[in-house]
file target31.txt (compact mmCIF, C-alpha atoms)
# COMPACT_ATOMS: atom_id res chain seq x y z
CA MET A 1 -18.56 -49.25 -23.14
CA THR A 2 -21.76 -49.86 -21.16
CA LEU A 3 -22.27 -51.08 -17.64
CA THR A 4 -24.01 -54.24 -18.89
CA ALA A 5 -21.10 -55.22 -21.09
CA LEU A 6 -18.69 -54.80 -18.22
CA ALA A 7 -20.95 -56.56 -15.75
CA LEU A 8 -21.40 -59.87 -17.58
CA PRO A 9 -19.27 -62.68 -16.12
CA ALA A 10 -16.19 -63.65 -18.08
CA ALA A 11 -16.61 -66.30 -20.71
CA GLY A 12 -15.06 -69.68 -20.36
CA GLY A 13 -16.79 -70.92 -17.23
CA GLU A 14 -19.57 -70.28 -14.77
CA SER A 15 -17.46 -69.34 -11.78
CA TYR A 16 -17.96 -65.82 -10.53
CA GLN A 17 -15.36 -63.32 -11.76
CA PRO A 18 -15.17 -60.35 -9.34
CA PRO A 19 -14.39 -56.93 -10.80
CA THR A 20 -10.78 -55.82 -10.89
CA PRO A 21 -9.21 -52.36 -11.34
CA GLU A 22 -8.81 -53.13 -15.07
CA ILE A 23 -12.51 -52.29 -15.57
CA PHE A 24 -11.55 -48.62 -15.24
CA TRP A 25 -9.22 -48.82 -18.23
CA GLN A 26 -11.59 -48.10 -21.12
CA PRO A 27 -9.65 -46.96 -24.21
CA LEU A 28 -11.69 -45.48 -27.04
CA PHE A 29 -9.17 -44.76 -29.80
CA GLU A 30 -5.58 -43.73 -30.39
CA VAL A 31 -4.20 -40.49 -31.81
CA GLY A 32 -0.58 -41.06 -32.68
CA GLY A 33 0.86 -42.69 -29.59
CA LEU A 34 -1.81 -41.23 -27.26
CA THR A 35 -4.69 -43.43 -26.11
CA VAL A 36 -7.91 -41.50 -25.58
CA THR A 37 -9.91 -43.12 -22.78
CA ASN A 38 -13.49 -42.96 -21.58
CA GLN A 39 -12.54 -40.56 -18.77
CA MET A 40 -10.66 -38.25 -21.13
CA ALA A 41 -13.65 -38.05 -23.47
CA TRP A 42 -16.10 -37.34 -20.65
CA SER A 43 -13.82 -34.72 -19.12
CA ALA A 44 -13.62 -32.92 -22.49
CA ILE A 45 -17.39 -33.11 -23.01
CA ILE A 46 -18.16 -31.89 -19.48
CA THR A 47 -15.64 -29.05 -19.65
CA ALA A 48 -17.06 -27.88 -22.98
CA VAL A 49 -20.71 -28.12 -21.87
CA LEU A 50 -19.95 -26.41 -18.55
CA SER A 51 -18.04 -23.57 -20.24
CA ILE A 52 -20.72 -22.99 -22.89
CA GLY A 53 -23.51 -23.22 -20.32
CA LEU A 54 -21.93 -20.72 -17.93
CA LEU A 55 -21.21 -18.28 -20.76
CA ALA A 56 -24.73 -18.59 -22.18
CA LEU A 57 -26.46 -18.15 -18.83
CA SER A 58 -24.34 -15.15 -17.82
CA LYS A 59 -24.25 -13.41 -21.22
CA ASN A 60 -27.27 -11.15 -20.72
CA ALA A 61 -27.15 -10.72 -16.95
CA SER A 62 -29.54 -8.10 -15.60
CA VAL A 63 -30.82 -6.73 -12.30
CA VAL A 64 -34.07 -8.65 -12.80
CA PRO A 65 -32.75 -12.15 -13.55
CA SER A 66 -34.15 -14.49 -16.16
CA LYS A 67 -34.83 -18.09 -15.25
CA GLY A 68 -31.43 -19.10 -16.58
CA GLN A 69 -29.65 -16.34 -14.68
CA TRP A 70 -31.57 -17.22 -11.52
CA LEU A 71 -30.46 -20.85 -11.88
CA LEU A 72 -26.85 -19.81 -12.50
CA GLU A 73 -26.82 -17.49 -9.48
CA GLY A 74 -28.19 -20.24 -7.26
CA ILE A 75 -25.46 -22.65 -8.39
CA TYR A 76 -22.78 -19.95 -8.20
CA ASN A 77 -23.73 -18.69 -4.74
CA PHE A 78 -23.24 -22.03 -3.00
CA PRO A 79 -19.44 -22.29 -3.45
CA ARG A 80 -19.15 -18.50 -3.33
CA ASN A 81 -20.85 -18.03 0.03
CA ALA A 82 -20.61 -21.41 1.75
CA VAL A 83 -16.97 -22.00 0.81
CA ALA A 84 -15.05 -18.95 -0.45
CA ARG A 85 -16.52 -16.27 1.81
CA ASP A 86 -16.83 -18.39 4.93
CA MET A 87 -13.33 -19.89 4.67
CA ILE A 88 -11.26 -17.01 3.29
CA GLY A 89 -13.15 -14.06 4.79
CA THR A 90 -15.05 -11.12 3.35
CA LYS A 91 -11.89 -9.07 2.78
CA GLU A 92 -10.00 -11.42 0.46
CA PHE A 93 -12.43 -14.00 -0.90
CA LYS A 94 -13.72 -12.35 -4.10
CA LYS A 95 -10.53 -12.79 -6.13
CA PHE A 96 -10.61 -16.55 -5.50
CA VAL A 97 -14.30 -17.11 -6.24
CA PRO A 98 -13.82 -17.95 -9.97
CA LEU A 99 -11.24 -20.60 -9.11
CA LEU A 100 -13.29 -22.21 -6.33
CA VAL A 101 -16.57 -22.15 -8.30
CA THR A 102 -14.80 -23.74 -11.28
CA LEU A 103 -13.21 -26.40 -9.08
CA PHE A 104 -16.49 -27.28 -7.39
CA LEU A 105 -18.58 -27.51 -10.56
CA SER A 106 -15.91 -29.35 -12.55
CA ILE A 107 -15.25 -31.94 -9.84
CA LEU A 108 -18.97 -32.42 -9.19
CA LEU A 109 -19.76 -33.06 -12.85
CA TYR A 110 -16.64 -35.17 -13.35
CA ASN A 111 -17.82 -37.30 -10.43
CA TRP A 112 -21.45 -37.50 -11.50
CA ALA A 113 -20.43 -38.60 -14.99
CA GLY A 114 -19.42 -41.85 -13.32
CA SER A 115 -23.04 -42.57 -12.43
CA PHE A 116 -24.39 -42.39 -15.98
CA PHE A 117 -25.02 -45.80 -17.53
CA LEU A 118 -23.13 -44.77 -20.67
CA ALA A 119 -20.08 -43.99 -18.55
CA MET A 120 -20.14 -45.76 -15.17
CA ASN A 121 -16.55 -44.69 -14.87
CA PRO A 122 -15.91 -41.50 -12.88
CA VAL A 123 -13.38 -39.12 -14.39
CA ASN A 124 -11.72 -38.75 -11.00
CA GLY A 125 -11.48 -42.54 -10.71
CA LYS A 126 -8.21 -42.17 -12.66
CA ILE A 127 -5.51 -40.71 -10.44
CA GLY A 128 -4.21 -38.34 -13.12
CA PHE A 129 -7.27 -36.10 -12.93
CA PRO A 130 -7.19 -35.54 -9.14
CA ILE A 131 -3.44 -34.90 -9.41
CA ALA A 132 -4.01 -32.22 -12.07
CA LEU A 133 -6.73 -30.53 -9.99
CA THR A 134 -4.55 -30.69 -6.88
CA LEU A 135 -1.62 -29.21 -8.78
CA VAL A 136 -3.71 -26.12 -9.55
CA VAL A 137 -4.56 -25.65 -5.86
CA TYR A 138 -0.96 -26.38 -4.86
CA VAL A 139 0.48 -23.70 -7.13
CA VAL A 140 -2.16 -21.12 -6.18
CA TYR A 141 -1.84 -21.29 -2.40
CA HIS A 142 1.95 -21.33 -2.45
CA TRP A 143 2.07 -18.48 -4.97
CA VAL A 144 -0.40 -16.38 -2.98
CA GLY A 145 1.48 -16.99 0.27
CA ILE A 146 4.88 -16.11 -1.21
CA GLN A 147 3.44 -13.00 -2.88
CA ARG A 148 1.94 -11.81 0.38
CA MET A 149 4.77 -12.61 2.79
CA GLY A 150 7.84 -12.96 0.61
CA LEU A 151 9.77 -16.20 0.21
CA GLY A 152 11.51 -15.99 3.59
CA GLY A 153 8.39 -14.82 5.41
CA TYR A 154 6.36 -17.65 3.88
CA PHE A 155 8.66 -20.29 5.33
CA LYS A 156 8.97 -18.37 8.60
CA HIS A 157 5.20 -18.28 9.14
CA MET A 158 5.09 -22.08 9.22
CA VAL A 159 6.52 -22.03 12.74
CA PRO A 160 4.21 -20.54 15.40
CA PRO A 161 5.89 -17.81 17.49
CA GLY A 162 6.86 -18.42 21.10
CA LEU A 163 8.12 -21.99 20.74
CA PRO A 164 11.29 -23.06 22.59
CA GLY A 165 14.33 -22.86 20.32
CA TRP A 166 15.15 -26.55 20.51
CA ILE A 167 11.75 -27.59 19.14
CA VAL A 168 11.63 -25.10 16.25
CA PRO A 169 13.58 -27.30 13.74
CA PHE A 170 11.26 -30.26 14.38
CA VAL A 171 8.09 -28.17 14.00
CA PHE A 172 9.46 -26.51 10.87
CA LEU A 173 10.24 -29.91 9.31
CA LEU A 174 6.76 -31.21 10.11
CA GLU A 175 5.10 -28.09 8.71
CA LEU A 176 7.28 -28.22 5.61
CA MET A 177 6.17 -31.79 4.97
CA THR A 178 2.55 -30.80 5.60
CA TYR A 179 2.59 -27.84 3.20
CA PHE A 180 4.54 -29.48 0.40
CA ILE A 181 3.77 -33.21 0.67
CA THR A 182 0.89 -34.15 2.96
CA ARG A 183 -1.62 -31.55 1.78
CA PRO A 184 -1.41 -32.25 -1.95
CA LEU A 185 -1.06 -35.99 -1.44
CA THR A 186 -4.14 -36.33 0.75
CA LEU A 187 -6.15 -33.90 -1.39
CA ALA A 188 -5.59 -35.97 -4.53
CA LEU A 189 -5.82 -39.42 -2.93
CA ARG A 190 -9.01 -38.62 -1.00
CA LEU A 191 -10.86 -37.69 -4.18
CA PHE A 192 -9.41 -40.55 -6.22
CA GLY A 193 -9.93 -43.17 -3.49
CA ASN A 194 -13.58 -42.33 -2.93
CA MET A 195 -14.43 -42.35 -6.63
CA PHE A 196 -12.50 -45.55 -7.30
CA ALA A 197 -13.74 -47.50 -4.30
CA GLY A 198 -17.36 -46.41 -4.63
CA HIS A 199 -17.65 -47.63 -8.19
CA MET A 200 -15.83 -50.85 -7.42
CA VAL A 201 -18.59 -51.59 -4.90
CA VAL A 202 -21.28 -50.76 -7.48
CA TYR A 203 -19.61 -53.08 -10.01
CA LEU A 204 -19.39 -55.80 -7.35
CA PHE A 205 -23.15 -55.75 -6.77
CA VAL A 206 -23.97 -55.54 -10.49
CA THR A 207 -21.67 -58.38 -11.54
CA GLY A 208 -22.93 -60.45 -8.62
CA ALA A 209 -26.53 -59.83 -9.66
CA PHE A 210 -25.81 -60.85 -13.26
CA TYR A 211 -24.03 -63.97 -12.03
CA PHE A 212 -27.01 -65.01 -9.89
CA LEU A 213 -29.41 -64.31 -12.77
CA LEU A 214 -27.47 -66.05 -15.55
CA HIS A 215 -25.66 -68.82 -13.69
CA GLY A 216 -27.70 -69.31 -10.53
CA ASP A 217 -28.26 -72.95 -9.61
CA GLY A 218 -32.02 -73.05 -9.29
CA VAL A 219 -34.85 -70.54 -8.99
CA LEU A 220 -33.87 -69.36 -5.50
CA MET A 221 -30.36 -68.42 -6.61
CA GLN A 222 -31.74 -66.63 -9.67
CA ALA A 223 -34.28 -64.82 -7.50
CA LEU A 224 -31.38 -63.59 -5.37
CA SER A 225 -30.37 -61.40 -8.31
CA LEU A 226 -33.32 -59.06 -7.61
CA PRO A 227 -32.23 -57.80 -4.15
CA THR A 228 -28.65 -57.67 -5.45
CA PHE A 229 -29.74 -55.41 -8.32
CA LEU A 230 -31.67 -53.30 -5.81
CA MET A 231 -28.57 -52.95 -3.65
CA ALA A 232 -26.65 -51.82 -6.72
CA GLY A 233 -29.29 -49.11 -7.21
CA VAL A 234 -29.02 -48.08 -3.57
CA MET A 235 -25.25 -47.88 -3.87
CA ILE A 236 -25.53 -45.68 -6.96
CA ILE A 237 -27.79 -43.26 -5.06
CA PHE A 238 -25.37 -43.29 -2.12
CA GLU A 239 -22.50 -42.74 -4.55
CA LEU A 240 -24.22 -39.62 -5.93
CA LEU A 241 -24.22 -38.17 -2.43
CA VAL A 242 -20.57 -39.13 -1.87
CA GLN A 243 -19.65 -37.56 -5.20
CA PHE A 244 -21.25 -34.27 -4.17
CA LEU A 245 -19.57 -34.35 -0.76
CA GLN A 246 -16.16 -35.03 -2.29
CA ALA A 247 -16.53 -32.05 -4.63
CA PHE A 248 -17.49 -29.91 -1.64
CA VAL A 249 -14.67 -31.23 0.58
CA PHE A 250 -12.04 -30.73 -2.13
CA THR A 251 -13.17 -27.13 -2.69
CA LEU A 252 -13.44 -26.49 1.05
CA LEU A 253 -9.89 -27.71 1.68
CA ALA A 254 -8.59 -25.67 -1.26
CA ALA A 255 -10.22 -22.58 0.26
CA SER A 256 -8.77 -23.35 3.69
CA TYR A 257 -5.25 -23.62 2.26
CA ILE A 258 -5.69 -20.31 0.44
CA ALA A 259 -7.10 -18.78 3.61
CA GLY A 260 -3.95 -19.80 5.50
CA ALA A 261 -1.82 -18.14 2.84
CA VAL A 262 -3.67 -14.79 2.94
CA ALA A 263 -4.40 -14.61 6.67
CA ASP A 264 -2.98 -11.58 8.51
CA ASP A 265 -2.30 -13.27 11.85
CA HIS A 266 0.95 -15.08 10.97
call {"tool": "encode", "arguments": {"input": "target31.txt", "output": "C-alpha cells"}}
result
Amino acid sequence: MTLTALALPAAGGESYQPPTPEIFWQPLFEVGGLTVTNQMAWSAIITAVLSIGLLALSKNASVVPSKGQWLLEGIYNFPRNAVARDMIGTKEFKKFVPLLVTLFLSILLYNWAGSFFLAMNPVNGKIGFPIALTLVVYVVYHWVGIQRMGLGGYFKHMVPPGLPGWIVPFVFLLELMTYFITRPLTLALRLFGNMFAGHMVVYLFVTGAFYFLLHGDGVLMQALSLPTFLMAGVMIIFELLVQFLQAFVFTLLAASYIAGAVADDH
C-alpha cells in the first residue's frame, strides 16, 4: 500500500479527513488464522538482507580490508566503541558487542523502512516489535546480573549501602519497580511513541496537501498544497534523524542496563 493511496481524502464528500491510527494497520495476506502485515513483511525482508549482508561482507575478512570489509568495520565500530565500550567498560564489553550491534542495526533499518514510499509505515510503529526487542534486553540484563551476583545478591544490590533501616523497604520497592517495570516499559514505549507520532505528523501534512490540491476552493487554496508538500518533505528528513537517534538511544540504554548488571561496585 503506497503513501499516495493512503493520503487521498476519503470518498463520499469533500471535507478533510485527518489520518487516524488505522492507517498503520496494513494487512497483506492471511496464512491460516495469522494476518501478515506490512510491518511483518518489512521486518522479515530487513532481517534477511541484514543477515546476508553482514555474512557476505565479513566472510573473507583480512588484515588489509576490502571496500566491503572497510564499510562493515565502519558500521560495526560505531555501536561497538561509542556504545558498548564506553557504557560497559573495556573489561566486560566484548561479549555484549554482537547483541548491541544487532540491536542498533536492526532498529535503525526497521525505523528507516518507515520512510520509504513503498512502506511509509515504520516496523516499530507497531507496539509488538518494540516489546519483542525490549524483552531481549530485559532477559539479558537480569540474567547477567543474577549470574554475576546470585539471585539474593542481585536483589540486594538494588539498595545502596549506608541507608537508614527505616527507608530501606521504600527504596527497595522503588528500585524493584524500576528494574522490572519502569525500565522495560519506557524502553518499549519511547521507541514505539516516536515512530508512531512522527509518521502521524507526516501523514497529516501529506493528506492536508492532497486535500488542498484536489478540493481547494480556488487557486490560492490549491497553491497552498505546495508549501504543505514541502513541509511533509521536511518532516520526513527530520524523521530520518529521529529514527537514527531512537536506534542509538535504545542501544545506549540497553548497554547502560547491562553495565549496571556487570559493574563491580555494588
call {"tool": "residues_around", "arguments": {"input": "target31.txt", "residues": "stretch 134-146 of chain A", "least_positions_apart": "6", "cutoff": "6 Å", "atoms": "only C-alpha atoms", "output": "list in words"}}
result
Tyr154, Ala188, Ile258 and Ala261 of chain A
call {"tool": "closest_residue", "arguments": {"input": "target31.txt", "among": "A:Leu220, A:Ser256, A:Leu108, A:Val201", "to": "A:Gly233", "atoms": "only C-alpha atoms"}}
result
A:Val201
call {"tool": "closest_residue", "arguments": {"input": "target31.txt", "among": "A:Leu187, A:Ile46, A:Val262, A:Ala82", "to": "A:Asn111", "atoms": "only C-alpha atoms"}}
result
A:Ile46
call {"tool": "residues_around", "arguments": {"input": "target31.txt", "residues": "stretch 245-247 of chain A", "least_positions_apart": "3", "cutoff": "12 Å", "atoms": "all atoms listed in the file", "output": "number ranges by chain"}}
result
A: 79, 83, 100-112, 124, 130, 133, 187-195, 198, 238-242, 250-254
call {"tool": "residues_around", "arguments": {"input": "target31.txt", "residues": "A:Pro27", "least_positions_apart": "6", "cutoff": "10 Å", "atoms": "all atoms listed in the file", "output": "list in words"}}
result
Met1, Thr35, Val36, Thr37, Asn38, Gln39, Met40 and Ala41 of chain A
call {"tool": "atom_distance", "arguments": {"input": "target31.txt", "atom1": "atom CA of A:Met120", "atom2": "atom CA of A:Met221"}}
result
26.3 Å
call {"tool": "atom_distance", "arguments": {"input": "target31.txt", "atom1": "atom CA of A:Ile52", "atom2": "atom CA of A:Ala255"}}
result
25.4 Å
call {"tool": "atom_distance", "arguments": {"input": "target31.txt", "atom1": "atom CA of A:Ile131", "atom2": "atom CA of A:Tyr179"}}
result
15.7 Å
call {"tool": "closest_residue", "arguments": {"input": "target31.txt", "among": "A:Met158, A:Val123, A:Leu224, A:Val64", "to": "A:Ala44", "atoms": "only C-alpha atoms"}}
result
A:Val123
call {"tool": "closest_residue", "arguments": {"input": "target31.txt", "among": "A:Asn121, A:Gln17, A:Asn77, A:Gln147", "to": "A:Ser43", "atoms": "only C-alpha atoms"}}
result
A:Asn121
call {"tool": "closest_residue", "arguments": {"input": "target31.txt", "among": "A:Ala61, A:Val202, A:Val159, A:Val219", "to": "A:Gly114", "atoms": "all atoms listed in the file"}}
result
A:Val202
call {"tool": "closest_residue", "arguments": {"input": "target31.txt", "among": "A:Tyr76, A:Phe172, A:Ser66, A:Ile45", "to": "A:Pro160", "atoms": "all atoms listed in the file"}}
result
A:Phe172
